[in-house]
file my_file-v6.csv (CSV, C-alpha atoms)
chain,number,residue,atom,x,y,z
A,174,MET,CA,81.6,139.0,129.1
A,175,SER,CA,79.1,141.9,129.0
A,176,PRO,CA,75.6,141.1,128.0
A,177,ILE,CA,74.5,141.6,124.4
A,178,VAL,CA,71.1,143.2,125.5
A,179,ARG,CA,70.7,144.9,128.8
A,180,LEU,CA,67.5,146.5,130.2
A,181,GLU,CA,67.9,148.8,133.2
A,182,ASN,CA,64.7,149.6,135.2
A,183,VAL,CA,62.6,149.8,132.1
A,184,THR,CA,59.0,151.0,132.6
A,185,LYS,CA,56.3,151.6,130.0
A,186,ARG,CA,53.1,153.4,130.5
A,187,PHE,CA,50.5,153.9,127.7
A,188,ALA,CA,47.9,156.6,127.4
A,189,GLY,CA,45.6,156.8,130.4
A,190,ASN,CA,48.5,155.9,132.7
A,191,VAL,CA,48.1,152.2,131.8
A,192,LEU,CA,51.2,150.4,133.2
A,193,ALA,CA,52.4,147.7,130.7
A,194,VAL,CA,56.0,147.1,131.9
A,195,ASP,CA,57.0,147.8,135.5
A,196,ASP,CA,60.6,148.4,136.4
A,197,VAL,CA,62.1,145.5,134.5
A,198,SER,CA,65.9,144.8,134.5
A,199,LEU,CA,67.3,142.0,132.4
A,200,ASP,CA,70.6,140.9,131.0
A,201,VAL,CA,70.7,138.7,127.8
A,202,ARG,CA,74.0,136.9,127.1
A,203,ARG,CA,75.4,136.7,123.6
A,204,GLY,CA,74.2,133.6,121.7
A,205,GLU,CA,71.5,132.8,124.3
A,206,PHE,CA,67.9,131.7,123.4
A,207,ILE,CA,65.7,133.3,126.0
A,208,THR,CA,61.9,133.3,126.1
A,209,LEU,CA,59.6,136.0,127.6
A,210,LEU,CA,56.7,133.9,128.8
A,211,GLY,CA,53.4,134.9,130.3
A,212,GLU,CA,49.7,135.3,129.7
A,213,SER,CA,48.2,137.9,127.5
A,214,GLY,CA,48.7,141.4,128.8
A,215,CYS,CA,51.7,140.6,131.0
A,216,GLY,CA,54.0,143.0,129.2
A,217,LYS,CA,56.2,140.5,127.2
A,218,THR,CA,55.4,141.8,123.7
A,219,THR,CA,55.7,145.4,124.9
A,220,THR,CA,59.2,144.5,126.3
A,221,LEU,CA,60.2,142.9,123.0
A,222,ARG,CA,58.9,146.0,121.0
A,223,MET,CA,61.0,148.3,123.2
A,224,ILE,CA,64.1,146.2,122.5
A,225,GLY,CA,63.2,146.4,118.8
A,226,GLY,CA,62.6,150.1,118.8
A,227,PHE,CA,58.9,150.0,118.0
A,228,GLU,CA,58.0,151.4,121.5
A,229,THR,CA,60.0,153.9,123.6
A,230,PRO,CA,60.3,153.3,127.4
A,231,THR,CA,58.6,155.8,129.7
A,232,SER,CA,61.7,155.4,131.9
A,233,GLY,CA,64.8,153.3,132.1
A,234,ARG,CA,67.5,152.4,129.5
A,235,ILE,CA,68.1,149.7,126.9
A,236,TYR,CA,71.6,148.8,125.7
A,237,LEU,CA,72.8,146.7,122.8
A,238,GLY,CA,76.3,145.7,123.9
A,239,ASP,CA,77.8,148.9,125.4
A,240,ARG,CA,75.6,151.2,123.2
A,241,ASP,CA,72.6,153.0,124.6
A,242,ILE,CA,69.8,152.3,122.0
A,243,THR,CA,66.9,153.5,124.1
A,244,ALA,CA,65.9,156.3,121.7
A,245,LEU,CA,67.2,154.9,118.4
A,246,PRO,CA,64.7,154.0,115.6
A,247,PRO,CA,64.4,150.3,114.6
A,248,TYR,CA,66.5,150.7,111.4
A,249,ARG,CA,69.5,152.0,113.4
A,250,ARG,CA,69.6,148.9,115.6
A,251,ARG,CA,71.4,145.6,114.8
A,252,VAL,CA,68.2,143.9,115.7
A,253,ASN,CA,65.5,142.3,113.5
A,254,THR,CA,62.0,141.1,114.3
A,255,VAL,CA,59.9,138.2,113.1
A,256,PHE,CA,56.3,139.2,113.6
A,257,GLN,CA,53.3,137.0,114.5
A,258,ASP,CA,51.5,137.7,111.1
A,259,TYR,CA,54.7,137.3,109.0
A,260,ALA,CA,54.3,140.8,107.4
A,261,LEU,CA,55.3,139.6,104.0
A,262,PHE,CA,54.8,141.8,100.9
A,263,PRO,CA,52.0,139.9,99.0
A,264,HIS,CA,53.1,141.1,95.5
A,265,MET,CA,56.7,140.2,95.9
A,266,SER,CA,58.4,136.9,95.3
A,267,VAL,CA,60.1,135.0,98.1
A,268,GLU,CA,63.5,136.2,97.0
A,269,ALA,CA,62.3,139.8,96.7
A,270,ASN,CA,60.8,139.7,100.2
A,271,VAL,CA,64.0,138.2,101.7
A,272,GLY,CA,66.2,140.7,99.8
A,273,TYR,CA,64.1,143.8,100.5
A,274,GLY,CA,66.2,144.9,103.5
A,275,LEU,CA,69.4,144.6,101.5
A,276,LYS,CA,67.9,146.6,98.6
A,277,ILE,CA,66.9,149.4,101.0
A,278,ALA,CA,70.5,149.3,102.4
A,279,ARG,CA,71.7,149.8,98.8
A,280,ALA,CA,73.7,146.5,98.6
A,281,SER,CA,74.8,145.5,95.1
A,282,ARG,CA,72.7,143.2,93.0
A,283,SER,CA,75.4,140.5,93.2
A,284,GLU,CA,75.6,140.8,97.0
A,285,ILE,CA,71.8,140.6,97.3
A,286,ALA,CA,71.6,137.6,95.1
A,287,ALA,CA,74.3,135.7,96.9
A,288,THR,CA,73.1,136.6,100.4
A,289,VAL,CA,69.5,135.8,99.6
A,290,ALA,CA,70.4,132.4,98.1
A,291,GLU,CA,72.5,131.5,101.1
A,292,THR,CA,69.8,132.5,103.5
A,293,LEU,CA,67.1,130.6,101.6
A,294,ARG,CA,69.3,127.5,101.7
A,295,MET,CA,69.6,128.0,105.5
A,296,VAL,CA,65.9,127.8,105.9
A,297,GLY,CA,65.3,125.1,103.3
A,298,LEU,CA,63.4,127.3,100.8
A,299,GLU,CA,65.9,127.5,97.9
A,300,ASP,CA,63.4,125.9,95.6
A,301,LYS,CA,60.6,128.5,96.5
A,302,SER,CA,62.5,131.6,95.6
A,303,ARG,CA,60.2,132.7,92.7
A,304,GLN,CA,56.9,131.9,94.4
A,305,LEU,CA,54.5,134.5,95.9
A,306,PRO,CA,53.4,134.4,99.5
A,307,HIS,CA,49.9,133.1,98.7
A,308,GLN,CA,51.5,130.1,97.0
A,309,LEU,CA,53.2,129.0,100.3
A,310,SER,CA,52.0,127.0,103.3
A,311,GLY,CA,51.9,128.6,106.7
A,312,GLY,CA,55.2,127.0,107.7
A,313,GLN,CA,56.9,128.2,104.5
A,314,LYS,CA,55.7,131.7,105.1
A,315,GLN,CA,57.2,131.5,108.5
A,316,ARG,CA,60.5,130.5,107.1
A,317,VAL,CA,60.4,133.4,104.6
A,318,ALA,CA,59.8,135.8,107.5
A,319,LEU,CA,62.8,134.2,109.3
A,320,ALA,CA,65.0,134.5,106.3
A,321,ARG,CA,64.1,138.1,105.8
A,322,ALA,CA,65.0,138.8,109.4
A,323,LEU,CA,68.3,137.0,109.2
A,324,VAL,CA,69.5,138.2,105.8
A,325,ARG,CA,71.1,141.4,107.2
A,326,LYS,CA,72.9,139.4,109.9
A,327,PRO,CA,71.5,141.1,113.0
A,328,GLU,CA,73.2,140.7,116.4
A,329,VAL,CA,69.8,139.8,118.0
A,330,LEU,CA,66.7,138.2,116.5
A,331,LEU,CA,63.4,139.0,118.1
A,332,LEU,CA,60.5,136.6,117.6
A,333,ASP,CA,57.0,137.8,118.6
A,334,GLU,CA,54.8,134.6,118.9
A,335,PRO,CA,55.9,133.5,115.4
A,336,LEU,CA,54.3,130.0,115.7
A,337,SER,CA,50.9,131.0,116.9
A,338,ALA,CA,49.2,130.9,113.5
A,339,LEU,CA,50.4,127.3,112.7
A,340,ASP,CA,48.5,124.1,113.3
A,341,ALA,CA,49.6,121.9,116.2
A,342,LYS,CA,51.7,119.4,114.1
A,343,LEU,CA,53.5,122.1,112.1
A,344,ARG,CA,54.0,124.2,115.3
A,345,ALA,CA,55.8,121.2,117.0
A,346,ALA,CA,58.0,120.8,113.9
A,347,MET,CA,58.9,124.5,113.7
A,348,ARG,CA,59.9,124.5,117.4
A,349,VAL,CA,62.6,121.9,116.6
A,350,GLU,CA,63.6,123.8,113.4
A,351,LEU,CA,64.0,127.1,115.3
A,352,LYS,CA,66.1,125.4,118.0
A,353,HIS,CA,68.4,123.9,115.4
A,354,LEU,CA,68.6,127.2,113.5
A,355,HIS,CA,69.6,128.9,116.7
A,356,GLU,CA,72.3,126.3,117.4
A,357,GLN,CA,73.5,126.6,113.8
A,358,LEU,CA,73.8,130.4,113.7
A,359,GLY,CA,74.9,131.1,117.3
A,360,LEU,CA,72.8,134.3,117.2
A,361,THR,CA,71.0,135.7,120.2
A,362,PHE,CA,67.2,134.8,120.1
A,363,ILE,CA,64.6,136.6,122.2
A,364,PHE,CA,61.3,134.8,121.8
A,365,VAL,CA,57.9,135.8,123.1
A,366,THR,CA,55.1,133.3,123.7
A,367,HIS,CA,52.3,132.4,126.1
A,368,ASP,CA,52.8,128.7,125.3
A,369,GLN,CA,54.7,127.0,128.2
A,370,THR,CA,55.6,124.0,126.0
A,371,GLU,CA,57.3,126.2,123.5
A,372,ALA,CA,59.3,127.9,126.2
A,373,LEU,CA,60.3,124.6,127.9
A,374,VAL,CA,61.3,122.9,124.6
A,375,MET,CA,63.4,125.7,123.0
A,376,SER,CA,64.8,128.0,125.7
A,377,ASP,CA,68.2,128.2,127.4
A,378,ARG,CA,66.5,130.5,129.9
A,379,ILE,CA,62.9,131.6,130.5
A,380,ILE,CA,61.7,134.9,131.8
A,381,VAL,CA,58.3,134.6,133.4
A,382,MET,CA,56.3,137.9,133.4
A,383,HIS,CA,53.1,138.8,135.2
A,384,GLU,CA,51.3,142.1,135.3
A,385,GLY,CA,54.3,143.9,133.8
A,386,ARG,CA,56.8,142.4,136.2
A,387,LEU,CA,59.6,139.9,135.9
A,388,VAL,CA,58.6,137.2,138.4
A,389,GLN,CA,61.2,134.4,137.7
A,390,ASP,CA,64.2,134.1,135.6
A,391,GLY,CA,65.8,130.6,135.2
A,392,THR,CA,66.4,127.5,133.1
A,393,PRO,CA,63.4,125.4,132.0
A,394,THR,CA,64.4,122.8,134.6
A,395,ALA,CA,64.7,125.3,137.4
A,396,LEU,CA,61.3,126.8,136.7
A,397,TYR,CA,59.7,123.5,136.4
A,398,ASP,CA,61.3,121.9,139.5
A,399,ARG,CA,61.7,125.0,141.7
A,400,PRO,CA,59.0,127.5,140.9
A,401,ALA,CA,59.5,130.8,142.8
A,402,SER,CA,55.8,131.4,143.4
A,403,PRO,CA,52.4,129.7,143.2
A,404,TYR,CA,51.8,131.7,140.1
A,405,VAL,CA,54.8,130.3,138.3
A,406,ALA,CA,54.0,126.8,139.6
A,407,GLY,CA,50.5,127.0,138.2
A,408,PHE,CA,51.5,128.6,134.9
A,409,ILE,CA,54.3,126.3,133.9
A,410,GLY,CA,53.2,122.6,133.7
A,411,ALA,CA,50.5,120.8,135.5
A,412,SER,CA,50.5,121.1,139.3
A,413,ASN,CA,48.7,119.8,142.3
A,414,MET,CA,48.4,122.9,144.4
A,415,PHE,CA,46.4,123.0,147.6
A,416,PRO,CA,46.1,125.0,150.8
A,417,ALA,CA,47.5,123.3,153.8
A,418,ARG,CA,48.2,123.9,157.5
A,419,VAL,CA,51.8,123.6,158.9
A,420,VAL,CA,51.7,121.0,161.8
A,421,ALA,CA,55.4,120.6,162.4
A,422,VAL,CA,58.7,122.4,161.6
A,423,ASN,CA,62.0,120.6,161.8
A,424,GLY,CA,64.9,122.6,160.5
A,425,GLY,CA,64.8,122.6,156.8
A,426,ASP,CA,61.7,120.4,156.6
A,427,ILE,CA,58.0,121.0,157.4
A,428,VAL,CA,55.0,118.8,157.7
A,429,ALA,CA,51.8,120.2,156.1
A,430,ARG,CA,48.4,118.8,156.7
A,431,LEU,CA,46.3,118.4,153.5
A,432,ARG,CA,42.9,117.3,154.6
A,433,GLY,CA,43.5,113.9,156.2
A,434,SER,CA,47.1,113.5,154.9
A,435,ASP,CA,50.3,114.8,156.3
A,436,VAL,CA,52.8,115.7,153.6
A,437,ARG,CA,56.5,116.3,154.3
A,438,CYS,CA,58.3,118.9,152.2
A,439,ARG,CA,61.3,121.1,152.1
A,440,ALA,CA,61.1,124.7,153.5
A,441,ASN,CA,63.5,125.9,150.7
A,442,GLY,CA,64.7,128.9,152.8
A,443,ARG,CA,61.2,130.1,153.7
A,444,THR,CA,60.3,130.7,157.4
A,445,PHE,CA,57.2,128.6,158.4
A,446,ARG,CA,55.6,128.6,161.8
A,447,GLU,CA,53.7,125.7,163.3
A,448,GLY,CA,50.0,126.4,162.9
A,449,SER,CA,50.5,128.8,159.9
A,450,ASP,CA,48.8,128.5,156.5
A,451,ALA,CA,50.8,127.3,153.5
A,452,ILE,CA,50.4,126.2,149.9
A,453,ILE,CA,51.9,122.9,148.8
A,454,CYS,CA,52.7,122.1,145.1
A,455,VAL,CA,53.7,118.9,143.5
A,456,ARG,CA,53.8,117.8,139.9
A,457,PRO,CA,51.5,114.9,138.8
A,458,SER,CA,54.5,113.3,137.1
A,459,LYS,CA,56.6,113.3,140.3
A,460,VAL,CA,54.3,111.1,142.4
A,461,ALA,CA,53.3,107.5,142.1
A,462,ILE,CA,50.5,105.2,143.1
A,463,LEU,CA,51.5,103.0,146.0
A,464,GLU,CA,50.6,99.4,145.6
A,465,ASP,CA,51.7,98.2,149.0
A,466,GLU,CA,52.1,100.7,151.9
A,467,ALA,CA,54.7,98.4,153.5
A,468,SER,CA,57.0,99.2,150.6
A,469,LEU,CA,56.8,103.0,151.2
A,470,PRO,CA,60.3,104.4,151.0
A,471,GLU,CA,61.6,105.9,154.3
A,472,GLY,CA,60.6,109.6,154.7
A,473,PHE,CA,58.0,109.6,152.0
A,474,SER,CA,54.4,110.7,152.7
A,475,VAL,CA,51.1,109.1,151.7
A,476,VAL,CA,48.1,111.0,150.3
A,477,ARG,CA,44.9,108.9,150.4
A,478,GLY,CA,41.7,109.3,148.5
A,479,VAL,CA,39.2,107.8,146.1
A,480,VAL,CA,39.7,107.5,142.4
A,481,ARG,CA,37.5,110.0,140.6
A,482,ASP,CA,38.5,109.3,137.0
A,483,CYS,CA,41.3,108.0,134.7
A,484,LEU,CA,42.0,110.2,131.6
A,485,PHE,CA,43.9,108.8,128.6
A,486,HIS,CA,46.9,111.1,127.6
A,487,GLY,CA,48.4,109.0,124.9
A,488,ASP,CA,51.5,107.4,126.5
A,489,SER,CA,50.1,107.9,130.0
A,490,TYR,CA,46.9,108.1,132.1
A,491,ARG,CA,46.1,110.9,134.5
A,492,VAL,CA,44.5,109.5,137.5
A,493,GLU,CA,42.3,112.0,139.4
A,494,VAL,CA,42.1,111.3,143.1
A,495,ASP,CA,39.3,112.8,145.2
A,496,ILE,CA,40.9,114.1,148.5
A,497,ARG,CA,37.8,116.1,149.5
A,498,GLU,CA,39.2,119.3,148.0
A,499,ALA,CA,37.5,121.3,145.2
A,500,GLU,CA,40.2,120.0,142.8
A,501,PRO,CA,41.4,116.4,142.5
A,502,PHE,CA,44.9,115.3,143.3
A,503,MET,CA,46.4,114.3,140.0
A,504,VAL,CA,48.8,111.4,139.3
A,505,ASP,CA,50.4,110.6,135.9
A,506,VAL,CA,50.8,106.9,135.3
A,507,LYS,CA,53.2,105.9,132.5
A,508,LEU,CA,51.8,103.1,130.3
A,509,PRO,CA,54.0,100.1,129.7
A,510,ASP,CA,55.2,99.3,126.2
A,511,ASP,CA,52.6,96.5,126.0
A,512,VAL,CA,49.4,98.5,127.0
A,513,SER,CA,47.5,95.2,127.3
A,514,HIS,CA,49.3,94.7,130.6
A,515,ALA,CA,48.4,98.1,132.0
A,516,VAL,CA,46.4,97.8,135.3
A,517,LEU,CA,44.6,101.1,136.1
A,518,PRO,CA,42.7,102.1,139.2
A,519,VAL,CA,39.0,101.8,139.0
A,520,PRO,CA,36.9,104.9,139.6
A,521,GLY,CA,35.4,104.7,143.1
A,522,SER,CA,38.2,102.6,144.5
A,523,SER,CA,40.4,103.7,147.4
A,524,ILE,CA,44.0,104.7,146.5
A,525,ALA,CA,47.2,105.7,148.2
A,526,VAL,CA,49.8,108.0,146.5
A,527,ALA,CA,53.5,108.0,147.5
A,528,VAL,CA,55.0,111.5,147.7
A,529,ASN,CA,58.8,112.2,148.0
A,530,PRO,CA,59.4,115.3,150.2
A,531,ALA,CA,62.2,116.4,147.7
A,532,VAL,CA,59.6,117.0,144.9
A,533,VAL,CA,57.1,119.0,147.0
A,534,THR,CA,57.4,122.8,146.9
A,535,ALA,CA,55.9,124.6,149.9
A,536,PHE,CA,54.9,128.3,149.7
A,537,LEU,CA,53.9,130.8,152.4
A,538,ALA,CA,50.1,131.5,152.1
A,539,GLU,CA,50.8,135.2,151.5
A,540,GLU,CA,52.8,134.3,148.3
A,541,ALA,CA,49.5,133.5,146.5
A,542,TRP,CA,48.4,136.1,144.0
call {"tool": "encode", "arguments": {"input": "my_file-v6.csv", "output": "structure tokens"}}
result
Amino acid sequence: MSPIVRLENVTKRFAGNVLAVDDVSLDVRRGEFITLLGESGCGKTTTLRMIGGFETPTSGRIYLGDRDITALPPYRRRVNTVFQDYALFPHMSVEANVGYGLKIARASRSEIAATVAETLRMVGLEDKSRQLPHQLSGGQKQRVALARALVRKPEVLLLDEPLSALDAKLRAAMRVELKHLHEQLGLTFIFVTHDQTEALVMSDRIIVMHEGRLVQDGTPTALYDRPASPYVAGFIGASNMFPARVVAVNGGDIVARLRGSDVRCRANGRTFREGSDAIICVRPSKVAILEDEASLPEGFSVVRGVVRDCLFHGDSYRVEVDIREAEPFMVDVKLPDDVSHAVLPVPGSSIAVAVNPAVVTAFLAEEAW
């Protein structure tokens, strides 16, 4: 099946030769929920605006299905956008806001009324149809913006950081609602955010961008467990990431020396040489405090240090272990159901951490940005 959206070598330069998007090629499958993820200025919103027709590429082509839409204005694309600031008409009721696009398209009054009512039911706002935007909560305004974008039945829905103005609790609830709405409609969603949690929770696929380039494209699980670079490893999720020296190479495995500890890890197709510099990365949730070194599973490594601090994270504690690096080695300890039975390391005490080679990612030193 051909992609619903295709970008071919798309580049965007602004005045002053400012490079915003650098030779990006991307296919989006029909019905997919993909997220463009990256820090501010990485090019994700510019990419979205080019798909929506609000910016024109300096070079490259954009296709919707088999149709070249590179130079088409927004109103001639079967694409609608939900903006960060909602962009609602303050003097219009909810139903008038939602039906505005149909009115401009000269749909009949009966068609507008029926379609608006159906769309408001879809987003749970059928009882707010006569209210004005200032009478709505932030979450309700967001739903109105969604309804207005959906009412003309676009082939692709573009969402430009639509949850950024909401408080934390409402933002978490809207993530779930958006995901359910996507599943219900079967539309293609292209979502932009700098929030890694949003991307991991909602996406079928995440596109990580950095300095205008696409640096990794994959499922949330793949990006979390198999980051392609130190940048991705550091941007998505918490990571222990330290410089190390390769002291042994054995086929697909290497041993990297981290201060006084030797850590086994997979080479993952990279070519390491004994004596070369490397960067090792492991998630705090993937390691465990070792109570008895005699019980260490075969092939596991041990990282030793001194407890610097224990930080409460709700259902877990993050134990910070001083290994004589600038940053501590972090270990996430899940709390038992009965927290009164939790036994936590005491700051200042010596500690050993068990590390499974399968959960350690090793990078070549030159991969660091």
call {"tool": "closest_residue", "arguments": {"input": "my_file-v6.csv", "among": "A:Val419, A:Asp482, A:Ala525, A:Ala451", "to": "Asp465 in chain A", "atoms": "all atoms listed in the file"}}
result
A:Ala525
call {"tool": "closest_residue", "arguments": {"input": "my_file-v6.csv", "among": "A:Asp435, A:Asn253, A:Ser283, A:Leu199", "to": "Arg386 in chain A", "atoms": "only C-alpha atoms"}}
result
A:Leu199
call {"tool": "atom_distance", "arguments": {"input": "my_file-v6.csv", "atom1": "CA of Arg437 in chain A", "atom2": "CA of Ser523 in chain A"}}
result
21.6 Å
call {"tool": "closest_residue", "arguments": {"input": "my_file-v6.csv", "among": "A:Ser266, A:Ser175, A:Thr243, A:Ser522", "to": "Phe227 in chain A", "atoms": "all atoms listed in the file"}}
result
A:Thr243
call {"tool": "axis_aligned_box", "arguments": {"input": "my_file-v6.csv", "around": "range 434-441 of chain A", "padding_each_side": "6 Å", "output": "AutoDock Vina command-line options"}}
result
--center_x 55.3 --center_y 119.7 --center_z 153.5 --size_x 28.4 --size_y 24.4 --size_z 17.6
call {"tool": "closest_residue", "arguments": {"input": "my_file-v6.csv", "among": "A:Val506, A:Val267, A:Leu261, A:Ala538", "to": "Arg443 in chain A", "atoms": "all atoms listed in the file"}}
result
A:Ala538
call {"tool": "closest_residue", "arguments": {"input": "my_file-v6.csv", "among": "A:Arg497, A:Gly425, A:Lys507, A:Asp488", "to": "Pro530 in chain A", "atoms": "only C-alpha atoms"}}
result
A:Gly425
call {"tool": "atom_distance", "arguments": {"input": "my_file-v6.csv", "atom1": "CA of Gln315 in chain A", "atom2": "CA of Val296 in chain A"}}
result
9.8 Å
call {"tool": "residues_around", "arguments": {"input": "my_file-v6.csv", "residues": "Phe473 in chain A", "least_positions_apart": "3", "cutoff": "9 Å", "atoms": "only C-alpha atoms", "output": "tab-separated table (two decimals) with C-alpha atoms, keeping the file's coordinate frame"}}
result
chain	number	residue	atom	x	y	z
A	436	VAL	CA	52.80	115.70	153.60
A	437	ARG	CA	56.50	116.30	154.30
A	469	LEU	CA	56.80	103.00	151.20
A	470	PRO	CA	60.30	104.40	151.00
A	527	ALA	CA	53.50	108.00	147.50
A	528	VAL	CA	55.00	111.50	147.70
A	529	ASN	CA	58.80	112.20	148.00
A	530	PRO	CA	59.40	115.30	150.20
call {"tool": "closest_residue", "arguments": {"input": "my_file-v6.csv", "among": "A:Ile177, A:Val388, A:Ala461, A:Ala417", "to": "Leu360 in chain A", "atoms": "all atoms listed in the file"}}
result
A:Ile177
call {"tool": "atom_distance", "arguments": {"input": "my_file-v6.csv", "atom1": "CA of Leu537 in chain A", "atom2": "CA of Gly424 in chain A"}}
result
15.9 Å
call {"tool": "residues_around", "arguments": {"input": "my_file-v6.csv", "residues": "Pro247 in chain A", "least_positions_apart": "3", "cutoff": "12 Å", "atoms": "all atoms listed in the file", "output": "JSON, numbers by chain"}}
result
{"A": [221, 222, 223, 224, 225, 226, 227, 228, 229, 242, 243, 244, 250, 251, 252, 253, 254, 327, 331]}
call {"tool": "residues_around", "arguments": {"input": "my_file-v6.csv", "residues": "Ala406 in chain A", "least_positions_apart": "5", "cutoff": "10 Å", "atoms": "all atoms listed in the file", "output": "PyMOL selection string"}}
result
chain A and resi 396-401+411-414+454-456+534
call {"tool": "residues_around", "arguments": {"input": "my_file-v6.csv", "residues": "Val349 in chain A", "least_positions_apart": "4", "cutoff": "12 Å", "atoms": "all atoms listed in the file", "output": "list of chain:residue names"}}
result
A:Leu336, A:Lys342, A:Leu343, A:Arg344, A:Ala345, A:His353, A:Leu354, A:His355, A:Glu356, A:Thr370, A:Glu371, A:Ala372, A:Leu373, A:Val374, A:Met375, A:Ser376
call {"tool": "decode", "arguments": {"input": "my_file-v6.csv", "residues": "range 223-237 of chain A", "atoms": "N, CA, C and O atoms", "output": "PDB file, in the first residue's frame"}}
result
ATOM      1  N   MET A 223       4.743  22.541   6.514  1.00  0.00           N
ATOM      2  CA  MET A 223       4.905  22.271   5.086  1.00  0.00           C
ATOM      3  C   MET A 223       3.904  21.228   4.614  1.00  0.00           C
ATOM      4  O   MET A 223       3.362  21.328   3.508  1.00  0.00           O
ATOM      5  N   ILE A 224       3.636  20.222   5.438  1.00  0.00           N
ATOM      6  CA  ILE A 224       2.613  19.229   5.080  1.00  0.00           C
ATOM      7  C   ILE A 224       1.242  19.897   5.001  1.00  0.00           C
ATOM      8  O   ILE A 224       0.426  19.590   4.132  1.00  0.00           O
ATOM      9  N   GLY A 225       0.987  20.840   5.918  1.00  0.00           N
ATOM     10  CA  GLY A 225      -0.290  21.537   5.953  1.00  0.00           C
ATOM     11  C   GLY A 225      -0.439  22.619   4.902  1.00  0.00           C
ATOM     12  O   GLY A 225      -1.556  23.116   4.669  1.00  0.00           O
ATOM     13  N   GLY A 226       0.662  23.031   4.273  1.00  0.00           N
ATOM     14  CA  GLY A 226       0.590  24.063   3.235  1.00  0.00           C
ATOM     15  C   GLY A 226       0.834  25.474   3.737  1.00  0.00           C
ATOM     16  O   GLY A 226       0.686  26.436   2.983  1.00  0.00           O
ATOM     17  N   PHE A 227       1.217  25.625   5.002  1.00  0.00           N
ATOM     18  CA  PHE A 227       1.458  26.956   5.568  1.00  0.00           C
ATOM     19  C   PHE A 227       2.886  27.431   5.319  1.00  0.00           C
ATOM     20  O   PHE A 227       3.191  28.601   5.516  1.00  0.00           O
ATOM     21  N   GLU A 228       3.766  26.530   4.915  1.00  0.00           N
ATOM     22  CA  GLU A 228       5.115  26.861   4.470  1.00  0.00           C
ATOM     23  C   GLU A 228       5.382  26.074   3.188  1.00  0.00           C
ATOM     24  O   GLU A 228       4.857  24.962   3.018  1.00  0.00           O
ATOM     25  N   THR A 229       6.207  26.632   2.322  1.00  0.00           N
ATOM     26  CA  THR A 229       6.574  25.959   1.074  1.00  0.00           C
ATOM     27  C   THR A 229       8.023  25.504   1.157  1.00  0.00           C
ATOM     28  O   THR A 229       8.898  26.287   1.546  1.00  0.00           O
ATOM     29  N   PRO A 230       8.317  24.257   0.803  1.00  0.00           N
ATOM     30  CA  PRO A 230       9.710  23.792   0.850  1.00  0.00           C
ATOM     31  C   PRO A 230      10.612  24.602  -0.068  1.00  0.00           C
ATOM     32  O   PRO A 230      10.185  25.047  -1.147  1.00  0.00           O
ATOM     33  N   THR A 231      11.845  24.794   0.346  1.00  0.00           N
ATOM     34  CA  THR A 231      12.846  25.403  -0.527  1.00  0.00           C
ATOM     35  C   THR A 231      13.206  24.437  -1.638  1.00  0.00           C
ATOM     36  O   THR A 231      13.435  24.835  -2.785  1.00  0.00           O
ATOM     37  N   SER A 232      13.243  23.139  -1.284  1.00  0.00           N
ATOM     38  CA  SER A 232      13.463  22.085  -2.279  1.00  0.00           C
ATOM     39  C   SER A 232      12.819  20.805  -1.771  1.00  0.00           C
ATOM     40  O   SER A 232      12.492  20.673  -0.584  1.00  0.00           O
ATOM     41  N   GLY A 233      12.621  19.860  -2.693  1.00  0.00           N
ATOM     42  CA  GLY A 233      11.970  18.607  -2.339  1.00  0.00           C
ATOM     43  C   GLY A 233      10.486  18.633  -2.676  1.00  0.00           C
ATOM     44  O   GLY A 233       9.932  19.672  -3.060  1.00  0.00           O
ATOM     45  N   ARG A 234       9.835  17.464  -2.529  1.00  0.00           N
ATOM     46  CA  ARG A 234       8.432  17.321  -2.897  1.00  0.00           C
ATOM     47  C   ARG A 234       7.640  16.710  -1.736  1.00  0.00           C
ATOM     48  O   ARG A 234       8.165  15.909  -0.954  1.00  0.00           O
ATOM     49  N   ILE A 235       6.344  17.076  -1.670  1.00  0.00           N
ATOM     50  CA  ILE A 235       5.420  16.513  -0.685  1.00  0.00           C
ATOM     51  C   ILE A 235       4.223  15.945  -1.431  1.00  0.00           C
ATOM     52  O   ILE A 235       3.642  16.626  -2.298  1.00  0.00           O
ATOM     53  N   TYR A 236       3.842  14.714  -1.095  1.00  0.00           N
ATOM     54  CA  TYR A 236       2.731  14.042  -1.759  1.00  0.00           C
ATOM     55  C   TYR A 236       1.667  13.653  -0.737  1.00  0.00           C
ATOM     56  O   TYR A 236       1.988  13.238   0.389  1.00  0.00           O
ATOM     57  N   LEU A 237       0.398  13.771  -1.144  1.00  0.00           N
ATOM     58  CA  LEU A 237      -0.722  13.232  -0.396  1.00  0.00           C
ATOM     59  C   LEU A 237      -1.296  12.132  -1.263  1.00  0.00           C
ATOM     60  O   LEU A 237      -1.897  12.406  -2.313  1.00  0.00           O
TER      61      LEU A 237
END
